[in-house]
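Below: model_11.txt (compact mmCIF, C-alpha atoms)
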# COMPACT_ATOMS: atom_id res chain seq x y z
CA MET A 279 7.12 -4.35 -41.69
CA PRO A 280 7.35 -3.71 -37.90
CA THR A 281 6.68 -6.74 -35.74
CA ASP A 282 4.90 -6.77 -32.40
CA PRO A 283 7.62 -7.30 -29.73
CA ALA A 284 5.48 -9.98 -28.05
CA ILE A 285 5.21 -11.91 -31.31
CA SER A 286 8.92 -11.49 -32.01
CA SER A 287 9.78 -12.77 -28.55
CA ALA A 288 7.42 -15.77 -28.88
CA VAL A 289 8.99 -16.71 -32.22
CA ASP A 290 12.50 -16.49 -30.76
CA THR A 291 11.48 -18.69 -27.84
CA PHE A 292 9.80 -21.24 -30.10
CA TYR A 293 12.86 -21.74 -32.32
CA ALA A 294 15.18 -21.82 -29.33
CA GLN A 295 13.08 -24.57 -27.73
CA HIS A 296 13.03 -26.51 -31.01
CA ARG A 297 16.77 -26.03 -31.63
CA ALA A 298 16.03 -23.96 -34.73
CA ALA A 299 14.21 -26.87 -36.41
CA PRO A 300 12.25 -25.41 -39.35
CA LEU A 301 8.47 -25.41 -39.41
CA TRP A 302 7.95 -24.10 -42.95
CA LEU A 303 11.20 -24.53 -44.89
CA LYS A 304 12.32 -28.05 -44.09
CA GLY A 305 15.51 -28.80 -45.91
CA GLY A 306 15.59 -25.16 -46.93
CA ALA A 307 12.79 -25.65 -49.45
CA ALA A 308 9.23 -24.39 -49.40
CA GLY A 309 6.91 -27.37 -49.06
CA PRO A 310 3.11 -27.54 -49.43
CA ALA A 311 2.52 -25.88 -46.04
CA ALA A 312 4.64 -22.85 -46.98
CA LEU A 313 2.76 -22.49 -50.24
CA SER A 314 -0.57 -22.81 -48.39
CA LEU A 315 0.49 -20.04 -46.01
CA LEU A 316 1.22 -17.73 -48.94
CA GLN A 317 -2.21 -18.41 -50.40
CA ILE A 318 -3.87 -17.72 -47.05
CA LEU A 319 -1.98 -14.45 -46.65
CA ARG A 320 -2.94 -13.20 -50.12
CA ARG A 321 -6.58 -13.74 -49.18
CA ALA A 322 -6.07 -12.41 -45.65
CA PRO A 323 -7.70 -8.96 -46.08
CA LEU A 324 -11.01 -10.82 -46.13
CA ASP A 325 -10.01 -12.32 -42.78
CA GLY A 326 -9.26 -8.96 -41.20
CA LEU A 327 -5.51 -8.78 -41.91
CA SER A 328 -5.10 -6.04 -44.51
CA SER A 329 -1.32 -6.48 -44.53
CA GLY A 330 -1.57 -10.14 -45.59
CA PRO A 331 -0.59 -9.64 -49.27
CA GLN A 332 2.36 -7.46 -48.26
CA LEU A 333 3.54 -10.15 -45.86
CA ALA A 334 3.20 -12.74 -48.63
CA ASP A 335 5.36 -10.59 -50.91
CA GLU A 336 8.00 -10.17 -48.21
CA ILE A 337 8.09 -13.92 -47.65
CA SER A 338 8.41 -14.61 -51.39
CA VAL A 339 11.35 -12.21 -51.67
CA ALA A 340 13.00 -13.69 -48.56
CA ARG A 341 12.60 -17.25 -49.90
CA ALA A 342 14.03 -16.34 -53.29
CA SER A 343 17.14 -14.85 -51.72
CA ALA A 344 17.59 -17.55 -49.06
CA THR A 345 20.81 -19.13 -50.30
CA ASN A 346 22.54 -19.63 -46.96
CA PRO A 347 21.50 -20.92 -43.51
CA ALA A 348 21.12 -17.44 -42.01
CA ALA A 349 18.86 -16.26 -44.84
CA ILE A 350 16.79 -19.45 -44.67
CA ALA A 351 16.36 -18.97 -40.92
CA SER A 352 15.27 -15.37 -41.50
CA ALA A 353 12.66 -16.42 -44.09
CA GLU A 354 11.48 -19.21 -41.78
CA ARG A 355 11.06 -16.75 -38.93
CA LEU A 356 9.17 -14.31 -41.16
CA MET A 357 6.65 -17.01 -42.02
CA SER A 358 5.99 -17.80 -38.37
CA VAL A 359 5.50 -14.10 -37.61
CA ALA A 360 3.02 -13.84 -40.50
CA TRP A 361 1.05 -16.87 -39.28
CA LEU A 362 0.82 -15.41 -35.78
CA ARG A 363 -0.43 -12.08 -37.11
CA TYR A 364 -3.02 -13.89 -39.21
CA VAL A 365 -4.32 -15.97 -36.29
CA ALA A 366 -4.53 -12.83 -34.13
CA ALA A 367 -6.65 -11.14 -36.82
CA LEU A 368 -9.07 -14.07 -36.83
CA HIS A 369 -9.64 -13.60 -33.10
CA ALA A 370 -10.28 -9.85 -33.14
CA PRO A 371 -13.62 -8.71 -31.60
CA ALA A 372 -16.44 -7.99 -34.03
CA PRO A 373 -17.05 -4.24 -34.49
CA GLY A 374 -20.26 -3.16 -32.77
CA MET A 375 -20.69 -6.41 -30.81
CA THR A 376 -21.17 -6.19 -27.04
CA TYR A 377 -19.79 -9.30 -25.35
CA PHE A 378 -22.07 -9.22 -22.31
CA ASP A 379 -21.03 -12.74 -21.36
CA PRO A 380 -17.23 -12.37 -21.16
CA ARG A 381 -16.77 -16.09 -21.78
CA LEU A 382 -18.00 -15.55 -25.34
CA ALA A 383 -15.54 -12.78 -26.15
CA PRO A 384 -12.85 -13.83 -28.65
CA ARG A 385 -9.46 -14.47 -27.10
CA ASN A 386 -6.28 -14.44 -29.12
CA PRO A 387 -4.43 -17.66 -28.22
CA ALA A 388 -0.90 -17.26 -26.89
CA ALA A 389 1.65 -17.01 -29.69
CA GLY A 390 3.74 -19.86 -28.34
CA TYR A 391 0.68 -22.10 -28.19
CA VAL A 392 -0.21 -21.26 -31.82
CA LEU A 393 3.24 -22.27 -33.04
CA GLU A 394 3.30 -25.42 -30.90
CA GLN A 395 -0.06 -26.45 -32.38
CA ALA A 396 1.39 -26.03 -35.85
CA ALA A 397 4.55 -27.97 -34.98
CA ARG A 398 2.59 -30.90 -33.52
CA ALA A 399 -0.03 -31.13 -36.28
CA PRO A 400 0.09 -34.47 -38.17
CA SER A 401 -0.43 -32.44 -41.35
CA LEU A 402 0.56 -28.78 -41.29
CA VAL A 403 -1.37 -28.16 -44.51
CA ASP A 404 -4.57 -29.56 -42.97
CA HIS A 405 -3.94 -27.61 -39.76
CA LEU A 406 -3.62 -24.31 -41.65
CA ALA A 407 -6.81 -25.03 -43.58
CA ALA A 408 -8.75 -25.87 -40.42
CA ILE A 409 -7.67 -22.68 -38.62
CA ALA A 410 -8.32 -20.51 -41.68
CA ALA A 411 -11.80 -21.96 -42.19
CA VAL A 412 -12.93 -20.47 -38.83
CA SER A 413 -16.40 -22.05 -39.10
CA PRO A 414 -18.64 -23.47 -41.85
CA LEU A 415 -20.84 -20.36 -41.89
CA TYR A 416 -17.81 -18.10 -42.19
CA ALA A 417 -15.87 -20.18 -44.70
CA GLU A 418 -18.81 -20.38 -47.09
CA LEU A 419 -19.08 -16.59 -47.40
CA ARG A 420 -15.34 -15.90 -47.33
CA ASP A 421 -14.54 -18.48 -50.01
CA ALA A 422 -17.35 -17.30 -52.27
CA ALA A 423 -16.23 -13.68 -51.86
CA TRP A 424 -12.63 -14.61 -52.68
CA ALA A 425 -13.69 -16.57 -55.77
CA GLN A 426 -15.73 -13.61 -57.00
CA ALA A 427 -12.86 -11.20 -56.37
CA GLN A 428 -10.47 -13.44 -58.29
CA ALA A 429 -12.90 -13.86 -61.18
CA SER A 430 -13.49 -10.12 -61.47
CA GLY A 431 -9.81 -9.22 -61.10
CA THR A 432 -10.44 -6.97 -58.10
CA SER A 433 -8.16 -7.11 -55.09
CA LEU A 434 -10.97 -6.82 -52.54
CA PRO A 435 -14.73 -7.38 -52.65
CA ASP A 436 -17.51 -5.03 -51.63
CA PRO A 437 -16.80 -3.44 -48.20
CA ARG A 438 -20.24 -4.66 -47.13
CA ILE A 439 -19.08 -8.25 -47.58
CA MET A 440 -16.03 -7.54 -45.44
CA ALA A 441 -18.26 -6.03 -42.74
CA ASN A 442 -20.31 -9.24 -42.72
CA LEU A 443 -17.16 -11.35 -42.46
CA ASP A 444 -16.11 -9.29 -39.45
CA ARG A 445 -19.39 -10.25 -37.78
CA LEU A 446 -19.31 -13.91 -38.80
CA ARG A 447 -15.84 -14.38 -37.29
CA ALA A 448 -17.45 -13.74 -33.89
CA LEU A 449 -19.48 -16.95 -34.13
CA PRO A 450 -18.07 -20.17 -32.63
CA ALA A 451 -17.02 -23.07 -34.82
CA SER A 452 -18.38 -25.72 -32.46
CA GLY A 453 -21.12 -26.24 -29.91
CA ARG A 454 -24.76 -25.14 -29.94
CA PHE A 455 -25.91 -21.54 -30.10
CA VAL A 456 -28.83 -19.35 -31.10
CA LEU A 457 -28.14 -16.96 -33.98
CA VAL A 458 -30.47 -13.96 -34.22
CA ASP A 459 -30.01 -12.09 -37.49
CA ALA A 460 -31.72 -8.70 -37.43
CA ALA A 461 -30.86 -8.03 -41.09
CA THR A 462 -32.90 -10.94 -42.48
CA GLN A 463 -35.25 -11.19 -39.47
CA GLN A 464 -34.47 -14.85 -39.00
CA LEU A 465 -33.36 -16.95 -36.04
CA SER A 466 -31.17 -19.99 -36.61
CA MET A 467 -30.41 -22.87 -34.28
CA VAL A 468 -26.80 -23.85 -34.91
CA GLU A 469 -24.92 -27.00 -33.99
CA ASN A 470 -21.19 -27.26 -34.69
CA GLY A 471 -21.35 -24.56 -37.33
CA ARG A 472 -24.37 -26.01 -39.15
CA VAL A 473 -27.89 -24.57 -39.11
CA VAL A 474 -30.30 -27.28 -37.97
CA ASP A 475 -33.49 -25.21 -37.79
CA ARG A 476 -34.74 -21.71 -38.62
CA MET A 477 -37.71 -19.52 -37.85
CA LYS A 478 -38.99 -16.04 -38.64
CA ILE A 479 -38.58 -13.29 -36.09
CA VAL A 480 -39.67 -9.69 -35.63
CA VAL A 481 -36.87 -7.31 -34.66
CA GLY A 482 -36.44 -3.63 -33.84
CA ARG A 483 -37.42 -0.79 -36.10
CA PRO A 484 -34.61 1.27 -37.65
CA ASP A 485 -35.23 3.88 -34.92
CA ALA A 486 -35.23 1.19 -32.20
CA GLN A 487 -32.62 -1.25 -33.45
CA THR A 488 -32.09 -4.69 -32.02
CA PRO A 489 -28.50 -4.53 -30.69
CA MET A 490 -25.54 -6.74 -31.50
CA VAL A 491 -24.89 -8.79 -28.34
CA ALA A 492 -23.20 -12.05 -27.39
CA SER A 493 -24.77 -13.45 -24.23
CA THR A 494 -26.17 -16.67 -22.69
CA ILE A 495 -29.73 -17.87 -22.11
CA TRP A 496 -30.02 -19.73 -18.81
CA TYR A 497 -33.78 -20.08 -18.30
CA ALA A 498 -37.25 -19.59 -19.75
CA THR A 499 -39.79 -17.34 -18.04
CA PHE A 500 -43.40 -18.49 -18.37
CA ASN A 501 -46.42 -16.21 -17.96
CA PRO A 502 -44.23 -13.12 -18.11
CA TYR A 503 -45.12 -9.57 -17.29
CA TRP A 504 -44.27 -7.01 -19.94
CA ASN A 505 -42.32 -4.16 -18.45
CA ILE A 506 -43.35 -1.29 -20.71
CA PRO A 507 -40.60 1.04 -21.94
CA SER A 508 -40.98 4.62 -20.72
CA ASP A 509 -41.48 6.08 -24.20
CA LEU A 510 -44.33 3.65 -24.91
CA GLY A 511 -45.92 4.41 -21.57
CA ARG A 512 -45.89 8.06 -22.53
CA LYS A 513 -47.13 7.62 -26.11
CA LEU A 514 -49.52 4.67 -25.81
CA ILE A 515 -50.77 4.47 -22.23
CA ALA A 516 -50.92 8.00 -20.83
CA PRO A 517 -53.37 9.35 -23.47
CA HIS A 518 -55.89 6.60 -22.63
CA VAL A 519 -55.62 7.21 -18.88
CA ILE A 520 -56.05 10.96 -19.29
CA LYS A 521 -59.08 10.48 -21.52
CA GLN A 522 -60.79 7.53 -19.77
CA GLY A 523 -59.45 7.57 -16.22
CA THR A 524 -57.29 5.18 -14.27
CA SER A 525 -59.92 2.41 -14.56
CA TRP A 526 -58.66 1.98 -18.14
CA LEU A 527 -55.48 0.43 -16.73
CA THR A 528 -57.38 -2.22 -14.77
CA LYS A 529 -59.65 -3.06 -17.71
CA ASN A 530 -56.68 -3.55 -20.01
CA GLY A 531 -54.40 -5.44 -17.62
CA TYR A 532 -51.80 -2.82 -16.63
CA GLN A 533 -50.27 -2.02 -13.24
CA VAL A 534 -48.23 0.88 -11.96
CA ILE A 535 -45.17 -0.30 -10.01
CA ALA A 536 -42.50 1.42 -7.93
CA ASN A 537 -39.49 0.03 -9.86
CA TRP A 538 -38.45 -2.96 -11.96
CA ASP A 539 -36.34 -4.68 -9.29
CA ASP A 540 -38.92 -4.34 -6.49
CA PRO A 541 -42.27 -4.20 -8.29
CA GLN A 542 -44.42 -2.82 -5.47
CA ILE A 543 -47.85 -1.99 -6.92
CA LEU A 544 -48.74 1.69 -6.64
CA PRO A 545 -52.15 3.34 -7.01
CA ALA A 546 -52.57 4.77 -10.50
CA SER A 547 -53.99 7.93 -8.94
CA SER A 548 -50.53 8.70 -7.52
CA VAL A 549 -49.15 9.34 -11.00
CA ASN A 550 -49.05 12.75 -12.71
CA TRP A 551 -50.39 11.42 -16.01
CA LYS A 552 -50.35 14.79 -17.77
CA GLY A 553 -46.69 15.07 -16.77
CA VAL A 554 -46.06 11.58 -18.16
CA LEU A 555 -47.62 12.62 -21.48
CA ALA A 556 -45.57 15.80 -21.53
CA GLY A 557 -42.37 13.94 -20.67
CA THR A 558 -41.84 15.80 -17.38
CA ALA A 559 -42.90 12.88 -15.15
CA GLU A 560 -42.10 9.20 -15.30
CA VAL A 561 -44.14 6.09 -14.64
CA LYS A 562 -43.21 2.42 -14.54
CA LEU A 563 -45.89 0.17 -15.97
CA ARG A 564 -46.22 -3.54 -16.53
CA GLU A 565 -48.74 -5.58 -18.47
CA LEU A 566 -50.18 -8.59 -16.67
CA PRO A 567 -49.70 -12.10 -18.07
CA GLY A 568 -52.45 -13.40 -20.32
CA THR A 569 -53.57 -13.84 -23.88
CA ALA A 570 -53.29 -10.10 -24.57
CA ASN A 571 -49.77 -9.77 -23.18
CA SER A 572 -47.27 -8.63 -25.80
CA MET A 573 -44.69 -11.12 -24.47
CA GLY A 574 -47.00 -14.06 -25.17
CA GLY A 575 -46.67 -17.13 -22.99
CA VAL A 576 -42.90 -17.27 -22.53
CA LYS A 577 -39.77 -15.17 -22.82
CA PHE A 578 -36.08 -16.05 -22.86
CA GLY A 579 -33.97 -13.50 -21.05
CA PHE A 580 -30.24 -12.95 -21.33
CA GLY A 581 -27.86 -10.32 -20.05
CA ASN A 582 -27.62 -7.25 -22.28
CA PRO A 583 -27.40 -3.48 -21.73
CA GLN A 584 -30.62 -2.69 -23.61
CA GLY A 585 -32.91 -5.05 -21.70
CA VAL A 586 -34.15 -6.92 -24.78
CA TYR A 587 -35.59 -10.44 -24.80
CA LEU A 588 -36.46 -13.25 -27.14
CA HIS A 589 -40.16 -13.79 -26.57
CA ASP A 590 -43.44 -15.26 -27.73
CA THR A 591 -46.07 -12.86 -29.07
CA ASN A 592 -49.82 -12.36 -29.17
CA ASN A 593 -49.63 -10.91 -32.70
CA ARG A 594 -48.98 -13.74 -35.15
CA ALA A 595 -49.96 -11.71 -38.21
CA LEU A 596 -46.61 -9.90 -38.26
CA PHE A 597 -44.79 -13.07 -39.37
CA ALA A 598 -46.63 -12.96 -42.70
CA LYS A 599 -44.81 -9.74 -43.60
CA ASP A 600 -41.66 -9.89 -45.73
CA LYS A 601 -40.01 -7.08 -43.76
CA ARG A 602 -40.27 -7.56 -40.02
CA THR A 603 -38.36 -4.64 -38.49
CA LEU A 604 -41.38 -3.71 -36.40
CA SER A 605 -40.58 -4.06 -32.69
CA ASN A 606 -39.14 -1.75 -30.04
CA GLY A 607 -35.88 -3.73 -30.01
CA CYS A 608 -36.94 -7.06 -28.55
CA VAL A 609 -37.12 -10.20 -30.71
CA ARG A 610 -40.51 -11.80 -31.25
CA LEU A 611 -40.40 -15.51 -32.06
CA GLU A 612 -42.44 -17.32 -34.68
CA ASP A 613 -42.36 -20.49 -32.54
CA ALA A 614 -41.11 -19.94 -28.99
CA LYS A 615 -42.13 -23.46 -28.00
CA ARG A 616 -39.91 -25.00 -30.71
CA LEU A 617 -36.93 -22.90 -29.72
CA GLY A 618 -37.37 -23.83 -26.06
CA LYS A 619 -37.51 -27.52 -26.92
CA TRP A 620 -34.31 -27.28 -28.96
CA MET A 621 -32.46 -25.43 -26.20
CA ALA A 622 -33.65 -27.75 -23.42
CA GLY A 623 -33.63 -31.01 -25.36
CA ALA A 624 -37.25 -31.59 -24.28
CA GLU A 625 -40.48 -29.64 -24.27
CA LEU A 626 -40.55 -26.85 -21.70
CA LYS A 627 -43.78 -26.39 -19.75
CA ALA A 628 -45.03 -23.85 -17.22
CA PRO A 629 -45.23 -25.44 -13.75
CA SER A 630 -48.40 -23.45 -12.98
CA ALA A 631 -50.38 -20.41 -14.06
CA ASP A 632 -48.51 -18.11 -11.68
CA PRO A 633 -46.77 -15.11 -13.25
CA GLU A 634 -43.04 -14.92 -13.97
CA LEU A 635 -42.14 -18.59 -13.48
CA HIS A 636 -38.47 -19.26 -14.23
CA VAL A 637 -37.64 -22.72 -15.62
CA ARG A 638 -33.90 -23.32 -15.84
CA LEU A 639 -32.40 -24.89 -18.94
CA PRO A 640 -30.21 -27.99 -18.46
CA GLN A 641 -27.27 -25.80 -19.49
CA GLY A 642 -26.78 -22.27 -20.71
CA VAL A 643 -27.15 -21.72 -24.46
CA PRO A 644 -25.10 -18.91 -26.05
CA VAL A 645 -27.09 -16.40 -28.08
CA TYR A 646 -25.60 -14.09 -30.69
CA LEU A 647 -27.67 -11.14 -31.85
CA THR A 648 -25.95 -9.98 -35.01
CA TYR A 649 -26.54 -8.41 -38.42
CA LEU A 650 -25.81 -10.37 -41.61
CA THR A 651 -26.69 -8.75 -44.92
CA ALA A 652 -24.53 -11.07 -47.06
CA ARG A 653 -25.25 -14.69 -47.88
CA VAL A 654 -24.20 -17.26 -50.50
CA ASN A 655 -26.77 -18.19 -53.11
CA ASN A 656 -25.77 -20.80 -55.73
CA GLY A 657 -22.12 -20.10 -55.06
CA LEU A 658 -22.44 -16.33 -55.43
CA VAL A 659 -22.60 -13.66 -52.73
CA ALA A 660 -25.96 -11.91 -52.51
CA LEU A 661 -26.54 -8.75 -50.46
CA SER A 662 -29.81 -7.94 -48.74
CA GLU A 663 -31.11 -4.55 -47.67
CA ASP A 664 -29.00 -2.75 -45.08
CA VAL A 665 -32.01 -1.72 -43.01
CA TYR A 666 -29.94 -0.48 -40.05
CA HIS A 667 -27.22 1.17 -42.19
CA ARG A 668 -24.46 -0.74 -40.39
CA ASP A 669 -22.46 -1.84 -43.43
CA THR A 670 -20.43 1.33 -43.84
CA ALA A 671 -16.64 1.46 -43.60
CA THR A 672 -16.93 3.46 -40.37
CA GLY A 673 -18.56 0.46 -38.75
CA ARG A 674 -15.56 -1.78 -39.35
CA MET A 675 -12.31 -2.07 -37.48
CA ALA A 676 -9.30 -0.12 -38.66
CA SER A 677 -6.93 -2.06 -40.89
CA ARG A 678 -4.59 -4.30 -38.95
Represent the structure from my file as structure tokens, please.
Amino acid sequence: MPTDPAISSAVDTFYAQHRAAPLWLKGGAAGPAALSLLQILRRAPLDGLSSGPQLADEISVARASATNPAAIASAERLMSVAWLRYVAALHAPAPGMTYFDPRLAPRNPAAGYVLEQAARAPSLVDHLAAIAAVSPLYAELRDAAWAQAQASGTSLPDPRIMANLDRLRALPASGRFVLVDAATQQLSMVENGRVVDRMKIVVGRPDAQTPMVASTIWYATFNPYWNIPSDLGRKLIAPHVIKQGTSWLTKNGYQVIANWDDPQILPASSVNWKGVLAGTAEVKLRELPGTANSMGGVKFGFGNPQGVYLHDTNNRALFAKDKRTLSNGCVRLEDAKRLGKWMAGAELKAPSADPELHVRLPQGVPVYLTYLTARVNNGLVALSEDVYHRDTATGRMASR
């Protein structure tokens, strides 16, 4: 199997620096670490390395025929190449995920560093297991999927499970982060790979899907305006204004503004409302803060191309529904106050009743908006409804 020249060069450098000391075949024999590597490679298609079983076969053949120092060195080198390819697969970007905060994008560690880590590990077997686990959330699903595949005699599980594993590999193994799962309409607060709290959420409709984004929340915004999307202004607001006049806007707490960045208030009479309804004219509208505001009392913004938020809501009844794909893309929170307290480490409060008050968090909290239709229930993998139709093979990365 062809080897990436960069990997080949890194392996050559590593063994030259270590005076050809073996990492896997000490004394020419395959120890526990070598056997662990073979097991990892046979399971590797679940981890994004479709060539893992082929690499395991090549290593087994090379070991069996390694009867002289040169052949042993060749088998040894092949194992290091396979490990590097496996680690690179674990760090591949998740298909469909936008890494808006570049610090959250997966980075494949340098090949030389990966081999040095292995060489310096007190227990190479434990080191391999720790790297292969990725994170508790990931390992639980991957290990259950592998057990089911083995029990059924199939080489690979459902492609939908593999799509979910692709997405789970994007999540960090340590630290604190917010996990927004549009598939199950749940938000999880995660610490070092363990869910410490959950709440219901409302996410985008199938025709207005909540995106997959990795970003960072830096502050809470109290008493927020709601900047109304253009399509909703056309469908929901314009008909009322045309029928009842521009006074309807004032009565219901809406303002016409020049643009989002410089919200100069414009007279409603300056707008061609019939053109807005017909889609030939555009208007920028915002809803004033208050009990009727769709954003509720607080929102948590984060960089993303679609301009979505996590936010409070004035419509609590939606959380009683089993299926909560009901928004225009933003994420409505069952308990915004509780999420804010967890992120800040203390209760967040509005300094005053003024609109759009930004309260900075003690430190930024990563947020991952993703889509997880597979979970482990009593040791078995269960699949939920693919409401966004994202679990197809075309949504996954090409085999590596």
So that each row is one residue of segment 279-307 of chain A with an atom at most 7 Å from segment 387-395 of chain A, can you give its shortest atom pair and the distance in Å to one decimal, using all atoms listed in the file, rows by chain and rising number, as CSV?
residue,atom,partner,partner_atom,distance
A:Ile285,CA,A:Ala389,CA,6.4
A:Ala288,CA,A:Gly390,CA,5.5
A:Phe292,CA,A:Gly390,CA,6.5
* Skip Gly453 of chain A itself and residues of its chain fewer than 3 positions away, then list as a list of chain:residue names all residues within 8 Å of it, counting all atoms listed in the file. => A:Pro450, A:Val468, A:Glu469, A:Asn470, A:Gly471
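Closest approach to Val289 of chain A from the set A:Ser352, A:Val412, A:Gly309, A:Gly511 is made by A:Ser352, with distances taken over only C-alpha atoms.
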* Which of these residues is nearest to Leu596 of chain A, using all atoms listed in the file: A:Pro414, A:Ala546, A:Lys627, A:Ile479? -> A:Ile479
* **Selection: 10 Å around Asp421 of chain A, all atoms listed in the file, excl. self and same-chain fewer than 6 positions, as a list in words** => Arg321, Leu324, Ala411, Ala427, Val654, Gly657, Leu658 and Val659 of chain A
Spatial neighbours of Asn550 of chain A, 10 Å, only C-alpha atoms, chain gap at least 5 places, as a CSV table (one decimal) with C-alpha atoms, in the coordinates of the input:
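Saved file out.csv follows:
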chain,number,residue,atom,x,y,z
A,516,ALA,CA,-50.9,8.0,-20.8
A,520,ILE,CA,-56.0,11.0,-19.3
A,555,LEU,CA,-47.6,12.6,-21.5
A,556,ALA,CA,-45.6,15.8,-21.5
A,558,THR,CA,-41.8,15.8,-17.4
A,559,ALA,CA,-42.9,12.9,-15.2
A,560,GLU,CA,-42.1,9.2,-15.3
A,561,VAL,CA,-44.1,6.1,-14.6
Where atoms are missing, can you supply N, CA, C and O atoms for segment 452-466 of chain A and output the lot as a PDB file, in the coordinates of the input?
ATOM      1  N   SER A 452     -17.831 -24.489 -33.019  1.00  0.00           N
ATOM      2  CA  SER A 452     -18.380 -25.720 -32.460  1.00  0.00           C
ATOM      3  C   SER A 452     -19.404 -25.395 -31.378  1.00  0.00           C
ATOM      4  O   SER A 452     -19.546 -24.243 -30.951  1.00  0.00           O
ATOM      5  N   GLY A 453     -20.118 -26.424 -30.946  1.00  0.00           N
ATOM      6  CA  GLY A 453     -21.120 -26.240 -29.910  1.00  0.00           C
ATOM      7  C   GLY A 453     -22.458 -25.794 -30.470  1.00  0.00           C
ATOM      8  O   GLY A 453     -22.653 -25.666 -31.682  1.00  0.00           O
ATOM      9  N   ARG A 454     -23.408 -25.554 -29.573  1.00  0.00           N
ATOM     10  CA  ARG A 454     -24.760 -25.140 -29.940  1.00  0.00           C
ATOM     11  C   ARG A 454     -24.941 -23.676 -29.567  1.00  0.00           C
ATOM     12  O   ARG A 454     -24.535 -23.246 -28.494  1.00  0.00           O
ATOM     13  N   PHE A 455     -25.601 -22.917 -30.443  1.00  0.00           N
ATOM     14  CA  PHE A 455     -25.910 -21.540 -30.100  1.00  0.00           C
ATOM     15  C   PHE A 455     -27.087 -21.047 -30.924  1.00  0.00           C
ATOM     16  O   PHE A 455     -27.422 -21.614 -31.977  1.00  0.00           O
ATOM     17  N   VAL A 456     -27.717 -20.001 -30.420  1.00  0.00           N
ATOM     18  CA  VAL A 456     -28.830 -19.350 -31.100  1.00  0.00           C
ATOM     19  C   VAL A 456     -28.278 -18.151 -31.853  1.00  0.00           C
ATOM     20  O   VAL A 456     -27.568 -17.322 -31.280  1.00  0.00           O
ATOM     21  N   LEU A 457     -28.598 -18.063 -33.135  1.00  0.00           N
ATOM     22  CA  LEU A 457     -28.140 -16.960 -33.980  1.00  0.00           C
ATOM     23  C   LEU A 457     -29.356 -16.129 -34.379  1.00  0.00           C
ATOM     24  O   LEU A 457     -30.250 -16.600 -35.088  1.00  0.00           O
ATOM     25  N   VAL A 458     -29.382 -14.888 -33.909  1.00  0.00           N
ATOM     26  CA  VAL A 458     -30.470 -13.960 -34.220  1.00  0.00           C
ATOM     27  C   VAL A 458     -29.934 -12.944 -35.226  1.00  0.00           C
ATOM     28  O   VAL A 458     -29.028 -12.170 -34.916  1.00  0.00           O
ATOM     29  N   ASP A 459     -30.474 -12.976 -36.429  1.00  0.00           N
ATOM     30  CA  ASP A 459     -30.010 -12.090 -37.490  1.00  0.00           C
ATOM     31  C   ASP A 459     -31.062 -11.006 -37.742  1.00  0.00           C
ATOM     32  O   ASP A 459     -32.107 -11.265 -38.342  1.00  0.00           O
ATOM     33  N   ALA A 460     -30.768  -9.796 -37.273  1.00  0.00           N
ATOM     34  CA  ALA A 460     -31.720  -8.700 -37.430  1.00  0.00           C
ATOM     35  C   ALA A 460     -31.852  -8.266 -38.882  1.00  0.00           C
ATOM     36  O   ALA A 460     -32.891  -7.735 -39.287  1.00  0.00           O
ATOM     37  N   ALA A 461     -30.827  -8.475 -39.695  1.00  0.00           N
ATOM     38  CA  ALA A 461     -30.860  -8.030 -41.090  1.00  0.00           C
ATOM     39  C   ALA A 461     -31.902  -8.795 -41.903  1.00  0.00           C
ATOM     40  O   ALA A 461     -32.648  -8.208 -42.691  1.00  0.00           O
ATOM     41  N   THR A 462     -31.950 -10.122 -41.728  1.00  0.00           N
ATOM     42  CA  THR A 462     -32.900 -10.940 -42.480  1.00  0.00           C
ATOM     43  C   THR A 462     -34.132 -11.304 -41.656  1.00  0.00           C
ATOM     44  O   THR A 462     -35.036 -11.962 -42.162  1.00  0.00           O
ATOM     45  N   GLN A 463     -34.139 -10.884 -40.398  1.00  0.00           N
ATOM     46  CA  GLN A 463     -35.250 -11.190 -39.470  1.00  0.00           C
ATOM     47  C   GLN A 463     -35.501 -12.688 -39.404  1.00  0.00           C
ATOM     48  O   GLN A 463     -36.617 -13.165 -39.549  1.00  0.00           O
ATOM     49  N   GLN A 464     -34.393 -13.414 -39.175  1.00  0.00           N
ATOM     50  CA  GLN A 464     -34.470 -14.850 -39.000  1.00  0.00           C
ATOM     51  C   GLN A 464     -33.637 -15.286 -37.801  1.00  0.00           C
ATOM     52  O   GLN A 464     -32.591 -14.698 -37.507  1.00  0.00           O
ATOM     53  N   LEU A 465     -34.110 -16.318 -37.127  1.00  0.00           N
ATOM     54  CA  LEU A 465     -33.360 -16.950 -36.040  1.00  0.00           C
ATOM     55  C   LEU A 465     -32.938 -18.333 -36.511  1.00  0.00           C
ATOM     56  O   LEU A 465     -33.744 -19.067 -37.096  1.00  0.00           O
ATOM     57  N   SER A 466     -31.685 -18.669 -36.252  1.00  0.00           N
ATOM     58  CA  SER A 466     -31.170 -19.990 -36.610  1.00  0.00           C
ATOM     59  C   SER A 466     -30.704 -20.711 -35.357  1.00  0.00           C
ATOM     60  O   SER A 466     -30.127 -20.107 -34.454  1.00  0.00           O
TER      61      SER A 466
END
